[in-house]
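What follows is the content of target-v4.pdb, which has PDB, C-alpha atoms, pLDDT in the B column:
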```pdb
ATOM      1  CA  MET A 273      10.503  64.716  10.294  1.00 52.00           C
ATOM      2  CA  ASP A 274       9.166  63.350   6.979  1.00 54.00           C
ATOM      3  CA  ALA A 275       5.554  62.327   6.266  1.00 48.00           C
ATOM      4  CA  ILE A 276       6.076  58.666   7.188  1.00 47.00           C
ATOM      5  CA  GLY A 277       7.802  59.735  10.387  1.00 51.00           C
ATOM      6  CA  ASP A 278       4.878  62.054  11.232  1.00 56.00           C
ATOM      7  CA  ILE A 279       2.361  59.218  10.796  1.00 48.00           C
ATOM      8  CA  THR A 280       4.426  56.806  12.846  1.00 48.00           C
ATOM      9  CA  GLN A 281       4.854  59.386  15.631  1.00 57.00           C
ATOM     10  CA  ALA A 282       1.106  60.099  15.682  1.00 51.00           C
ATOM     11  CA  LEU A 283       0.254  56.396  15.907  1.00 43.00           C
ATOM     12  CA  MET A 284       2.694  55.887  18.780  1.00 53.00           C
ATOM     13  CA  GLU A 285       1.240  58.859  20.666  1.00 61.00           C
ATOM     14  CA  ARG A 286      -2.187  57.182  20.388  1.00 58.00           C
ATOM     15  CA  GLY A 287      -0.784  53.951  21.840  1.00 55.00           C
ATOM     16  CA  ALA A 288      -0.378  52.091  18.599  1.00 51.00           C
ATOM     17  CA  THR A 289       2.728  50.147  17.846  1.00 53.00           C
ATOM     18  CA  ALA A 290       5.030  51.148  15.098  1.00 51.00           C
ATOM     19  CA  PRO A 291       4.665  49.101  11.900  1.00 55.00           C
ATOM     20  CA  ALA A 292       7.028  46.168  11.788  1.00 59.00           C
ATOM     21  CA  ALA A 293       9.969  46.356   9.471  1.00 62.00           C
ATOM     22  CA  PRO A 294       9.572  44.180   6.385  1.00 66.00           C
ATOM     23  CA  ALA A 295      10.964  40.669   6.812  1.00 67.00           C
ATOM     24  CA  PRO A 296      14.216  39.999   4.992  1.00 67.00           C
ATOM     25  CA  PRO A 297      13.903  37.776   1.912  1.00 66.00           C
ATOM     26  CA  PRO A 298      14.501  34.069   2.613  1.00 66.00           C
ATOM     27  CA  ALA A 299      18.029  32.918   2.102  1.00 60.00           C
ATOM     28  CA  ALA A 300      18.544  31.062  -1.148  1.00 56.00           C
ATOM     29  CA  SER A 301      19.015  27.318  -0.763  1.00 55.00           C
ATOM     30  CA  PRO A 302      22.578  26.265  -1.499  1.00 56.00           C
ATOM     31  CA  VAL A 303      22.978  24.737  -4.939  1.00 54.00           C
ATOM     32  CA  GLN A 304      23.800  21.059  -4.621  1.00 55.00           C
ATOM     33  CA  PRO A 305      26.688  19.947  -6.822  1.00 57.00           C
ATOM     34  CA  PRO A 306      25.942  17.155  -9.308  1.00 64.00           C
ATOM     35  CA  GLU A 307      26.296  13.693  -7.797  1.00 78.00           C
ATOM     36  CA  ASP A 308      29.630  12.134  -8.656  1.00 78.00           C
ATOM     37  CA  PHE A 309      29.350   8.643 -10.174  1.00 89.00           C
ATOM     38  CA  GLN A 310      32.972   8.426 -11.317  1.00 91.00           C
ATOM     39  CA  GLU A 311      33.803   5.655  -8.854  1.00 93.00           C
ATOM     40  CA  THR A 312      30.912   3.588 -10.170  1.00 93.00           C
ATOM     41  CA  ILE A 313      31.939   4.198 -13.785  1.00 95.00           C
ATOM     42  CA  ALA A 314      35.557   3.265 -12.973  1.00 95.00           C
ATOM     43  CA  GLY A 315      34.364   0.006 -11.401  1.00 95.00           C
ATOM     44  CA  ILE A 316      32.327  -0.897 -14.484  1.00 95.00           C
ATOM     45  CA  ARG A 317      35.287  -0.109 -16.728  1.00 95.00           C
ATOM     46  CA  GLN A 318      37.559  -2.353 -14.682  1.00 94.00           C
ATOM     47  CA  ASN A 319      35.179  -5.280 -14.198  1.00 94.00           C
ATOM     48  CA  TYR A 320      33.475  -5.281 -17.603  1.00 95.00           C
ATOM     49  CA  PRO A 321      36.013  -4.080 -20.186  1.00 95.00           C
ATOM     50  CA  THR A 322      33.683  -4.743 -23.122  1.00 95.00           C
ATOM     51  CA  LEU A 323      31.434  -1.951 -21.823  1.00 96.00           C
ATOM     52  CA  ALA A 324      34.322   0.508 -21.451  1.00 95.00           C
ATOM     53  CA  PRO A 325      33.970   2.178 -24.895  1.00 94.00           C
ATOM     54  CA  TYR A 326      30.320   3.019 -24.166  1.00 95.00           C
ATOM     55  CA  LEU A 327      30.999   4.655 -20.808  1.00 95.00           C
ATOM     56  CA  GLU A 328      32.192   7.838 -22.524  1.00 92.00           C
ATOM     57  CA  LYS A 329      28.606   8.533 -23.586  1.00 93.00           C
ATOM     58  CA  LEU A 330      26.906   7.271 -20.412  1.00 95.00           C
ATOM     59  CA  ALA A 331      24.869   9.766 -18.373  1.00 94.00           C
ATOM     60  CA  ILE A 332      23.798   8.745 -14.848  1.00 93.00           C
ATOM     61  CA  GLN A 333      21.192  10.784 -13.000  1.00 91.00           C
ATOM     62  CA  ARG A 334      18.582  10.441 -10.273  1.00 87.00           C
ATOM     63  CA  GLY A 335      14.940   9.931 -11.148  1.00 83.00           C
ATOM     64  CA  THR A 336      11.852  10.913  -9.165  1.00 77.00           C
ATOM     65  CA  PRO A 337       9.524   7.986  -8.305  1.00 73.00           C
ATOM     66  CA  ASN A 338       5.928   8.335  -9.425  1.00 73.00           C
ATOM     67  CA  GLY A 339       4.626   7.417  -5.969  1.00 70.00           C
ATOM     68  CA  PRO A 340       5.087   5.108  -2.970  1.00 69.00           C
ATOM     69  CA  ASN A 341       4.414   2.026  -5.101  1.00 65.00           C
ATOM     70  CA  ASP A 342       7.056   2.880  -7.683  1.00 65.00           C
ATOM     71  CA  ASP A 343       9.616   0.134  -7.026  1.00 68.00           C
ATOM     72  CA  ARG A 344      11.789   0.639 -10.098  1.00 75.00           C
ATOM     73  CA  GLN A 345      15.536   0.247  -9.688  1.00 79.00           C
ATOM     74  CA  LEU A 346      16.313   2.391 -12.714  1.00 86.00           C
ATOM     75  CA  GLU A 347      15.238   3.324 -16.226  1.00 89.00           C
ATOM     76  CA  PHE A 348      17.565   2.939 -19.206  1.00 93.00           C
ATOM     77  CA  TYR A 349      17.306   5.036 -22.379  1.00 94.00           C
ATOM     78  CA  GLN A 350      18.957   4.324 -25.698  1.00 95.00           C
ATOM     79  CA  PRO A 351      20.728   7.294 -27.371  1.00 96.00           C
ATOM     80  CA  TRP A 352      18.123   7.368 -30.139  1.00 96.00           C
ATOM     81  CA  GLU A 353      14.993   7.240 -27.953  1.00 94.00           C
ATOM     82  CA  SER A 354      12.831  10.356 -28.224  1.00 93.00           C
ATOM     83  CA  ASP A 355      12.065  10.457 -24.482  1.00 92.00           C
ATOM     84  CA  ASN A 356      15.729  10.232 -23.478  1.00 94.00           C
ATOM     85  CA  PRO A 357      16.450  13.147 -21.086  1.00 93.00           C
ATOM     86  CA  ASN A 358      19.982  13.286 -22.540  1.00 94.00           C
ATOM     87  CA  PRO A 359      19.544  12.810 -26.310  1.00 93.00           C
ATOM     88  CA  GLY A 360      22.470  11.096 -27.984  1.00 94.00           C
ATOM     89  CA  LYS A 361      23.701   9.520 -24.749  1.00 95.00           C
ATOM     90  CA  LEU A 362      23.121   6.260 -22.943  1.00 95.00           C
ATOM     91  CA  THR A 363      21.093   7.421 -19.964  1.00 95.00           C
ATOM     92  CA  THR A 364      20.594   5.574 -16.689  1.00 94.00           C
ATOM     93  CA  GLU A 365      17.999   7.139 -14.410  1.00 92.00           C
ATOM     94  CA  LEU A 366      18.313   5.791 -10.865  1.00 90.00           C
ATOM     95  CA  TYR A 367      15.274   5.419  -8.616  1.00 88.00           C
ATOM     96  CA  ASN A 368      16.594   3.192  -5.829  1.00 84.00           C
ATOM     97  CA  LYS A 369      18.593   5.520  -3.581  1.00 83.00           C
ATOM     98  CA  SER A 370      19.977   2.638  -1.518  1.00 84.00           C
ATOM     99  CA  LEU A 371      21.973   1.142  -4.393  1.00 85.00           C
ATOM    100  CA  GLY A 372      25.700   1.562  -4.010  1.00 89.00           C
ATOM    101  CA  GLY A 373      29.046  -0.144  -4.490  1.00 91.00           C
ATOM    102  CA  GLN A 374      28.948  -3.487  -6.298  1.00 92.00           C
ATOM    103  CA  ASP A 375      25.146  -3.470  -6.451  1.00 93.00           C
ATOM    104  CA  LEU A 376      25.091  -0.151  -8.291  1.00 93.00           C
ATOM    105  CA  GLN A 377      27.847  -1.227 -10.673  1.00 94.00           C
ATOM    106  CA  GLU A 378      26.112  -4.489 -11.539  1.00 95.00           C
ATOM    107  CA  THR A 379      22.698  -2.882 -11.934  1.00 93.00           C
ATOM    108  CA  ILE A 380      23.966  -0.238 -14.354  1.00 95.00           C
ATOM    109  CA  ALA A 381      26.159  -2.721 -16.252  1.00 96.00           C
ATOM    110  CA  GLY A 382      23.223  -5.104 -16.546  1.00 94.00           C
ATOM    111  CA  ASP A 383      21.031  -2.454 -18.129  1.00 92.00           C
ATOM    112  CA  MET A 384      23.814  -1.375 -20.479  1.00 95.00           C
ATOM    113  CA  LEU A 385      23.488  -4.831 -22.030  1.00 96.00           C
ATOM    114  CA  HIS A 386      20.289  -3.513 -23.662  1.00 94.00           C
ATOM    115  CA  HIS A 387      22.558  -1.320 -25.778  1.00 95.00           C
ATOM    116  CA  LEU A 388      25.146  -4.001 -26.453  1.00 95.00           C
ATOM    117  CA  GLY A 389      22.445  -6.324 -27.794  1.00 95.00           C
ATOM    118  CA  SER A 390      20.531  -3.772 -29.860  1.00 95.00           C
ATOM    119  CA  VAL A 391      20.482  -2.623 -33.471  1.00 95.00           C
ATOM    120  CA  ASP A 392      21.509   0.963 -34.205  1.00 95.00           C
ATOM    121  CA  PRO A 393      18.591   2.456 -36.173  1.00 95.00           C
ATOM    122  CA  ALA A 394      20.936   4.884 -37.931  1.00 94.00           C
ATOM    123  CA  THR A 395      22.912   2.036 -39.540  1.00 95.00           C
ATOM    124  CA  GLY A 396      20.589  -0.957 -39.280  1.00 95.00           C
ATOM    125  CA  GLN A 397      23.540  -2.905 -37.849  1.00 96.00           C
ATOM    126  CA  PRO A 398      24.050  -4.507 -34.408  1.00 97.00           C
ATOM    127  CA  VAL A 399      25.891  -2.307 -31.916  1.00 96.00           C
ATOM    128  CA  ASP A 400      28.115  -5.310 -31.117  1.00 96.00           C
ATOM    129  CA  PRO A 401      27.770  -8.078 -33.742  1.00 97.00           C
ATOM    130  CA  LYS A 402      29.441 -10.768 -31.627  1.00 96.00           C
ATOM    131  CA  TRP A 403      27.225 -10.058 -28.625  1.00 97.00           C
ATOM    132  CA  MET A 404      24.169 -10.028 -30.879  1.00 97.00           C
ATOM    133  CA  ALA A 405      25.147 -13.415 -32.303  1.00 97.00           C
ATOM    134  CA  MET A 406      25.448 -14.913 -28.818  1.00 97.00           C
ATOM    135  CA  LYS A 407      22.103 -13.366 -27.871  1.00 97.00           C
ATOM    136  CA  GLN A 408      20.450 -15.106 -30.831  1.00 97.00           C
ATOM    137  CA  GLN A 409      22.078 -18.386 -29.837  1.00 97.00           C
ATOM    138  CA  LEU A 410      20.698 -17.977 -26.331  1.00 97.00           C
ATOM    139  CA  ILE A 411      17.178 -17.430 -27.662  1.00 97.00           C
ATOM    140  CA  ALA A 412      17.456 -20.426 -29.986  1.00 97.00           C
ATOM    141  CA  SER A 413      18.749 -22.699 -27.205  1.00 97.00           C
ATOM    142  CA  ARG A 414      15.595 -22.429 -25.095  1.00 97.00           C
ATOM    143  CA  GLY A 415      13.860 -25.719 -24.438  1.00 96.00           C
ATOM    144  CA  THR A 416      10.174 -26.518 -24.063  1.00 96.00           C
ATOM    145  CA  PRO A 417      10.036 -25.415 -20.381  1.00 96.00           C
ATOM    146  CA  GLN A 418      11.473 -22.021 -21.292  1.00 97.00           C
ATOM    147  CA  THR A 419       9.212 -21.439 -24.303  1.00 96.00           C
ATOM    148  CA  LEU A 420       6.128 -22.285 -22.213  1.00 96.00           C
ATOM    149  CA  MET A 421       7.314 -19.998 -19.424  1.00 96.00           C
ATOM    150  CA  ASP A 422       7.964 -17.192 -21.919  1.00 96.00           C
ATOM    151  CA  ALA A 423       4.547 -17.570 -23.514  1.00 96.00           C
ATOM    152  CA  GLY A 424       2.902 -17.247 -20.103  1.00 96.00           C
ATOM    153  CA  ALA A 425       5.004 -14.220 -19.188  1.00 95.00           C
ATOM    154  CA  TYR A 426       4.131 -12.550 -22.473  1.00 95.00           C
ATOM    155  CA  GLN A 427       0.402 -13.054 -21.971  1.00 94.00           C
ATOM    156  CA  GLN A 428       0.636 -11.649 -18.440  1.00 92.00           C
ATOM    157  CA  GLU A 429       2.386  -8.508 -19.648  1.00 90.00           C
ATOM    158  CA  LYS A 430       0.021  -8.159 -22.587  1.00 89.00           C
ATOM    159  CA  ALA A 431      -2.961  -8.244 -20.206  1.00 90.00           C
ATOM    160  CA  ASN A 432      -1.436  -5.608 -17.930  1.00 85.00           C
ATOM    161  CA  PRO A 433      -2.295  -2.049 -19.061  1.00 80.00           C
ATOM    162  CA  ALA A 434       0.872  -0.777 -17.375  1.00 74.00           C
ATOM    163  CA  TYR A 435       2.951  -2.495 -20.084  1.00 77.00           C
ATOM    164  CA  GLU A 436       3.263  -1.480 -23.706  1.00 74.00           C
ATOM    165  CA  THR A 437       3.730  -4.948 -25.117  1.00 80.00           C
ATOM    166  CA  ALA A 438       5.158  -5.306 -28.617  1.00 90.00           C
ATOM    167  CA  PRO A 439       4.547  -8.347 -30.848  1.00 94.00           C
ATOM    168  CA  TYR A 440       6.016 -11.528 -29.368  1.00 95.00           C
ATOM    169  CA  ASP A 441       9.166 -11.750 -31.523  1.00 94.00           C
ATOM    170  CA  GLN A 442      10.000  -8.108 -30.852  1.00 93.00           C
ATOM    171  CA  TRP A 443       9.274  -8.565 -27.140  1.00 94.00           C
ATOM    172  CA  MET A 444      11.628 -11.561 -27.092  1.00 95.00           C
ATOM    173  CA  GLN A 445      14.426  -9.586 -28.749  1.00 93.00           C
ATOM    174  CA  ASN A 446      14.129  -6.344 -26.801  1.00 90.00           C
ATOM    175  CA  ASN A 447      12.823  -7.511 -23.452  1.00 91.00           C
ATOM    176  CA  ARG A 448      12.814 -11.176 -22.547  1.00 95.00           C
ATOM    177  CA  ALA A 449      16.204 -12.143 -23.976  1.00 96.00           C
ATOM    178  CA  ASP A 450      17.903  -9.293 -22.121  1.00 95.00           C
ATOM    179  CA  ALA A 451      16.144 -10.371 -18.915  1.00 95.00           C
ATOM    180  CA  TYR A 452      17.534 -13.897 -19.372  1.00 97.00           C
ATOM    181  CA  ILE A 453      21.018 -12.463 -19.941  1.00 97.00           C
ATOM    182  CA  ARG A 454      20.921 -10.139 -16.926  1.00 95.00           C
ATOM    183  CA  GLY A 455      19.650 -12.971 -14.748  1.00 95.00           C
ATOM    184  CA  ALA A 456      22.489 -15.259 -15.819  1.00 97.00           C
ATOM    185  CA  LEU A 457      25.309 -12.690 -15.699  1.00 97.00           C
ATOM    186  CA  PHE A 458      24.205 -10.790 -12.608  1.00 96.00           C
ATOM    187  CA  PRO A 459      22.550 -13.342 -10.302  1.00 95.00           C
ATOM    188  CA  ARG A 460      23.043 -11.180  -7.229  1.00 93.00           C
ATOM    189  CA  GLN A 461      20.752  -8.515  -8.682  1.00 92.00           C
ATOM    190  CA  ASN A 462      18.250 -10.958 -10.174  1.00 93.00           C
ATOM    191  CA  PRO A 463      17.507 -13.653  -7.581  1.00 94.00           C
ATOM    192  CA  GLU A 464      14.127 -14.469  -9.156  1.00 93.00           C
ATOM    193  CA  TRP A 465      15.982 -15.853 -12.195  1.00 95.00           C
ATOM    194  CA  GLN A 466      17.961 -18.367 -10.147  1.00 94.00           C
ATOM    195  CA  GLU A 467      15.206 -20.954  -9.693  1.00 93.00           C
ATOM    196  CA  PRO A 468      15.963 -24.456 -11.028  1.00 93.00           C
ATOM    197  CA  GLY A 469      14.849 -24.956 -14.607  1.00 92.00           C
ATOM    198  CA  ILE A 470      14.966 -21.289 -15.638  1.00 95.00           C
ATOM    199  CA  TYR A 471      17.899 -21.985 -17.987  1.00 97.00           C
ATOM    200  CA  SER A 472      18.467 -25.020 -20.161  1.00 96.00           C
ATOM    201  CA  PRO A 473      22.005 -26.493 -20.108  1.00 96.00           C
ATOM    202  CA  ALA A 474      22.636 -25.010 -23.563  1.00 97.00           C
ATOM    203  CA  MET A 475      21.550 -21.579 -22.333  1.00 97.00           C
ATOM    204  CA  GLN A 476      23.892 -21.868 -19.361  1.00 96.00           C
ATOM    205  CA  ALA A 477      26.820 -22.655 -21.686  1.00 97.00           C
ATOM    206  CA  ILE A 478      26.119 -19.634 -23.891  1.00 97.00           C
ATOM    207  CA  ALA A 479      25.663 -17.387 -20.854  1.00 97.00           C
ATOM    208  CA  SER A 480      29.095 -18.496 -19.657  1.00 96.00           C
ATOM    209  CA  GLN A 481      30.597 -17.398 -22.994  1.00 95.00           C
ATOM    210  CA  MET A 482      28.825 -14.049 -22.696  1.00 96.00           C
ATOM    211  CA  ARG A 483      30.150 -13.586 -19.166  1.00 95.00           C
ATOM    212  CA  ASP A 484      33.716 -14.217 -20.351  1.00 95.00           C
ATOM    213  CA  TYR A 485      33.282 -11.885 -23.308  1.00 96.00           C
ATOM    214  CA  LEU A 486      31.937  -9.104 -21.103  1.00 95.00           C
ATOM    215  CA  ALA A 487      34.796  -9.419 -18.635  1.00 91.00           C
ATOM    216  CA  ASN A 488      37.794 -10.131 -20.828  1.00 79.00           C
ATOM    217  CA  LYS A 489      37.504  -8.722 -24.310  1.00 56.00           C
ATOM    218  CA  SER A 490      36.988  -5.221 -25.658  1.00 43.00           C
ATOM    219  CA  PRO A 491      35.609  -5.493 -29.207  1.00 43.00           C
ATOM    220  CA  ALA A 492      37.509  -3.673 -31.892  1.00 42.00           C
ATOM    221  CA  GLY A 493      35.946  -0.899 -33.891  1.00 38.00           C
ATOM    222  CA  VAL A 494      33.343   0.168 -31.316  1.00 40.00           C
ATOM    223  CA  ARG A 495      32.197   3.728 -31.758  1.00 39.00           C
TER
END
```
Would you encode the structure as C-alpha cells?
Amino acid sequence: MDAIGDITQALMERGATAPAAPAPPPAASPVQPPEDFQETIAGIRQNYPTLAPYLEKLAIQRGTPNGPNDDRQLEFYQPWESDNPNPGKLTTELYNKSLGGQDLQETIAGDMLHHLGSVDPATGQPVDPKWMAMKQQLIASRGTPQTLMDAGAYQQEKANPAYETAPYDQWMQNNRADAYIRGALFPRQNPEWQEPGIYSPAMQAIASQMRDYLANKSPAGVR
C-alpha cells in the first residue's frame, strides 16, 4: 500500500471517513450558433429594393441593455463611426428581443435610411444623391407648425444630459429629418408621428415620392 493509502487506512480505522474524490470539472456550456437573420434580410431586399445594395455590408447583432429602463429598439452605426462594433459595415444592434417578422424588417429598414440620407466622409458626396435631394425638399417644405415643433424638440433634447445635441442645422440633417422620414414611411413602427398636423401637405407629397423610390427603384452606381 502506498503512503496515501496508508494514511487513508489509518483514518478509517480511527472512524474517520475517507476523503471525498475531487468533483469533476463543470461541463462546458454549449456554444450557441450565431443568430440567423437571413429571413429578415431577404424580406428587406424584396420589399425595399433601393436598400438591397447595402445589405451586403449589413451586420445585425444583439445588444445588451444598460438596465431595466433601457427601452431602445436598436442602435445603428455608420461604417465610418469609430464606435462601430463592426468597422466598415452598417451595423444594427438590436435591443428589443420581441421584434420579429414585419416589425423587425421595418425597424431595420427605417434605421438604414440614416445611411441612405448621409454624406460619405471619405468622398464628401451623398451616399444616394437622389434620396438626399428628396430629404432636403422635405426639410424645406416644413410649415410654421413644424418649425415651431422642431424648435421645441431641439430645446428639450439640448436640455437633457442624456443627449449629445449638435448645432440645430446639423441636428436637423442627421436626426430630425430622418425621424420625419421614418415616421412617414413606417407608420406602424412610429405611431407617435401619426398625429394630425405633424406633416404639412407638401411634406406628405414628398414622403410619398420617397416611399415609391424606396420600394420600386434601385439606384445605379451604388457601391
Checklist entry - What gap, in Å, lies between CA of Ile316 (chain A) and CA of Arg454 (chain A)? => result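 That distance, rounded to one decimal, is 14.9 Å.
Of the residues listed (A:Pro351, A:Leu366, A:Thr379, A:Gln427), A:Gln427 shows the shortest atom-to-atom separation from Pro439 (chain A); distances use all atoms listed in the file.
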Next on the checklist: Given all atoms listed in the file as the basis, pick out the residue of A:Ser480, A:Thr322, A:Gln350, A:Asn368 nearest to Pro337 (chain A).
Outcome noted: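 For Pro337 (chain A), the nearest of the given residues is A:Asn368.
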Checklist outcome for this item: note - CA of Gln374 (chain A) and CA of Gln461 (chain A) are separated by 9.9 Å
Checklist entry - Which one of A:Leu371, A:Leu486, A:Ala314, A:Met475 sits closest to Arg334 (chain A) if you count all atoms listed in the file? => result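 Among the listed residues, the smallest separation from Arg334 (chain A) belongs to A:Leu371.
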Item to check | Selection: 9 Å around Leu323 (chain A), only C-alpha atoms, excl. self and same-chain fewer than 3 positions, as a list in words | outcome: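 Listed by chain and then number, they are Ile316, Arg317, Tyr320, Tyr326, Leu327, Ala381, Met384, Leu385, Leu388, Leu486, Ala487 and Ser490 of chain A.
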Item to check | Distance of CA of Asp400 (chain A) from CA of Thr419 (chain A), expressed in Å to one decimal place | outcome: 25.8 Å
Do you know which residues are at most 10 Å from Ile453 (chain A) counting all atoms listed in the file, after dropping those on the same chain fewer than 6 positions away, and could you put them as an mmCIF file with C-alpha atoms, in the coordinates of the input?
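Okay, around_12.cif is ready:
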```
data_model
loop_
_atom_site.group_PDB
_atom_site.id
_atom_site.type_symbol
_atom_site.label_atom_id
_atom_site.label_comp_id
_atom_site.auth_asym_id
_atom_site.auth_seq_id
_atom_site.Cartn_x
_atom_site.Cartn_y
_atom_site.Cartn_z
ATOM 1 C CA GLY A 382 23.223 -5.104 -16.546
ATOM 2 C CA LEU A 385 23.488 -4.831 -22.030
ATOM 3 C CA HIS A 386 20.289 -3.513 -23.662
ATOM 4 C CA LYS A 407 22.103 -13.366 -27.871
ATOM 5 C CA LEU A 410 20.698 -17.977 -26.331
ATOM 6 C CA ILE A 411 17.178 -17.430 -27.662
ATOM 7 C CA PRO A 459 22.550 -13.342 -10.302
ATOM 8 C CA TRP A 465 15.982 -15.853 -12.195
ATOM 9 C CA MET A 475 21.550 -21.579 -22.333
ATOM 10 C CA GLN A 476 23.892 -21.868 -19.361
ATOM 11 C CA ILE A 478 26.119 -19.634 -23.891
ATOM 12 C CA ALA A 479 25.663 -17.387 -20.854
ATOM 13 C CA MET A 482 28.825 -14.049 -22.696
ATOM 14 C CA ARG A 483 30.150 -13.586 -19.166
#
```
Checklist entry - With only C-alpha atoms as the basis for distance, which of A:Asn356, A:Gln333, A:Ser413, A:Thr312 is at the shortest distance from Glu378 (chain A)? => result A:Thr312
Within 10 Å of Ile332 (chain A), counting all atoms listed in the file, which residues show up once you throw out same-chain ones fewer than 6 positions away? Write them as a CSV table (one decimal) with C-alpha atoms, in the coordinates of the input, please.
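Just written: around_11.csv:
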```csv
chain,number,residue,atom,x,y,z
A,307,GLU,CA,26.3,13.7,-7.8
A,308,ASP,CA,29.6,12.1,-8.7
A,309,PHE,CA,29.4,8.6,-10.2
A,310,GLN,CA,33.0,8.4,-11.3
A,312,THR,CA,30.9,3.6,-10.2
A,313,ILE,CA,31.9,4.2,-13.8
A,348,PHE,CA,17.6,2.9,-19.2
A,358,ASN,CA,20.0,13.3,-22.5
A,361,LYS,CA,23.7,9.5,-24.7
A,362,LEU,CA,23.1,6.3,-22.9
A,363,THR,CA,21.1,7.4,-20.0
A,364,THR,CA,20.6,5.6,-16.7
A,365,GLU,CA,18.0,7.1,-14.4
A,366,LEU,CA,18.3,5.8,-10.9
A,380,ILE,CA,24.0,-0.2,-14.4
```
Item to check | Answer as a PyMOL selection string, residues within 12 Å of (15.7, -11.3, -14.0) using all atoms listed in the file | outcome: chain A and resi 379+382-383+447-467+470-471
Next on the checklist: Taking (17.5, 5.0, -37.5) in the coordinates of the supplied file, I want to know which residues reach to within 12 Å of it, counting only C-alpha atoms; could you give the answer as a list in words?
Outcome noted: Gln350, Pro351, Trp352, Glu353, Ser354, Val391, Asp392, Pro393, Ala394, Thr395, Gly396, Gln397 and Pro398 of chain A
Item to check | Pick from A:Gln418, A:Gly360, A:Ser390, A:Tyr367, whichever lies nearest to Glu328 (chain A) using all atoms listed in the file | outcome: A:Gly360
Box along x, y and z, 8 Å on every side, all listed atoms of region 414-417 of chain A inside: centre and edge lengths in Å to one decimal, as AutoDock Vina command-line options.
```
--center_x 12.8 --center_y -24.5 --center_z -22.7 --size_x 21.6 --size_y 20.1 --size_z 20.7
```
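Among the candidate residues A:Ala438, A:Tyr426, A:Lys402, A:Ala412, the one lying nearest to Gln481 (chain A) is A:Lys402, with distances computed using all atoms listed in the file.
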Hey, could you patch up region 348-353 of chain A with all heavy atoms and hand it over as an mmCIF file, in the coordinates of the input?
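This is the output file out16.cif:
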```
data_model
loop_
_atom_site.group_PDB
_atom_site.id
_atom_site.type_symbol
_atom_site.label_atom_id
_atom_site.label_comp_id
_atom_site.auth_asym_id
_atom_site.auth_seq_id
_atom_site.Cartn_x
_atom_site.Cartn_y
_atom_site.Cartn_z
ATOM 1 N N PHE A 348 16.471 2.813 -18.242
ATOM 2 C CA PHE A 348 17.565 2.939 -19.206
ATOM 3 C C PHE A 348 17.007 3.477 -20.519
ATOM 4 O O PHE A 348 15.953 3.042 -20.981
ATOM 5 C CB PHE A 348 18.235 1.592 -19.440
ATOM 6 C CG PHE A 348 19.334 1.623 -20.464
ATOM 7 C CD1 PHE A 348 20.590 2.100 -20.130
ATOM 8 C CD2 PHE A 348 19.106 1.191 -21.763
ATOM 9 C CE1 PHE A 348 21.603 2.150 -21.081
ATOM 10 C CE2 PHE A 348 20.111 1.231 -22.721
ATOM 11 C CZ PHE A 348 21.362 1.715 -22.370
ATOM 12 N N TYR A 349 17.720 4.435 -21.111
ATOM 13 C CA TYR A 349 17.306 5.036 -22.379
ATOM 14 C C TYR A 349 18.412 4.863 -23.419
ATOM 15 O O TYR A 349 19.586 5.153 -23.148
ATOM 16 C CB TYR A 349 17.025 6.531 -22.210
ATOM 17 C CG TYR A 349 15.921 6.869 -21.241
ATOM 18 C CD1 TYR A 349 16.195 7.043 -19.890
ATOM 19 C CD2 TYR A 349 14.604 7.024 -21.676
ATOM 20 C CE1 TYR A 349 15.181 7.361 -18.990
ATOM 21 C CE2 TYR A 349 13.587 7.348 -20.783
ATOM 22 C CZ TYR A 349 13.892 7.507 -19.443
ATOM 23 O OH TYR A 349 12.889 7.824 -18.553
ATOM 24 N N GLN A 350 18.021 4.395 -24.592
ATOM 25 C CA GLN A 350 18.957 4.324 -25.698
ATOM 26 C C GLN A 350 19.232 5.735 -26.236
ATOM 27 O O GLN A 350 18.397 6.633 -26.090
ATOM 28 C CB GLN A 350 18.368 3.463 -26.821
ATOM 29 C CG GLN A 350 18.130 2.008 -26.447
ATOM 30 C CD GLN A 350 19.401 1.171 -26.570
ATOM 31 O OE1 GLN A 350 20.517 1.686 -26.574
ATOM 32 N NE2 GLN A 350 19.224 -0.136 -26.664
ATOM 33 N N PRO A 351 20.392 5.947 -26.867
ATOM 34 C CA PRO A 351 20.728 7.294 -27.371
ATOM 35 C C PRO A 351 19.696 7.829 -28.363
ATOM 36 O O PRO A 351 19.517 9.043 -28.471
ATOM 37 C CB PRO A 351 22.090 7.093 -28.045
ATOM 38 C CG PRO A 351 22.649 5.845 -27.449
ATOM 39 C CD PRO A 351 21.480 4.984 -27.095
ATOM 40 N N TRP A 352 19.032 6.949 -29.078
ATOM 41 C CA TRP A 352 18.123 7.368 -30.139
ATOM 42 C C TRP A 352 16.664 7.484 -29.676
ATOM 43 O O TRP A 352 15.795 7.842 -30.468
ATOM 44 C CB TRP A 352 18.199 6.380 -31.305
ATOM 45 C CG TRP A 352 18.097 4.943 -30.881
ATOM 46 C CD1 TRP A 352 16.956 4.245 -30.549
ATOM 47 C CD2 TRP A 352 19.182 4.026 -30.741
ATOM 48 N NE1 TRP A 352 17.261 2.955 -30.208
ATOM 49 C CE2 TRP A 352 18.630 2.779 -30.312
ATOM 50 C CE3 TRP A 352 20.560 4.107 -30.939
ATOM 51 C CZ2 TRP A 352 19.411 1.661 -30.083
ATOM 52 C CZ3 TRP A 352 21.329 2.979 -30.692
ATOM 53 C CH2 TRP A 352 20.765 1.781 -30.278
ATOM 54 N N GLU A 353 16.375 7.183 -28.422
ATOM 55 C CA GLU A 353 14.993 7.240 -27.953
ATOM 56 C C GLU A 353 14.541 8.687 -27.767
ATOM 57 O O GLU A 353 15.256 9.512 -27.197
ATOM 58 C CB GLU A 353 14.845 6.459 -26.651
ATOM 59 C CG GLU A 353 14.994 4.953 -26.850
ATOM 60 C CD GLU A 353 14.780 4.175 -25.556
ATOM 61 O OE1 GLU A 353 14.592 4.794 -24.499
ATOM 62 O OE2 GLU A 353 14.816 2.932 -25.611
#
```
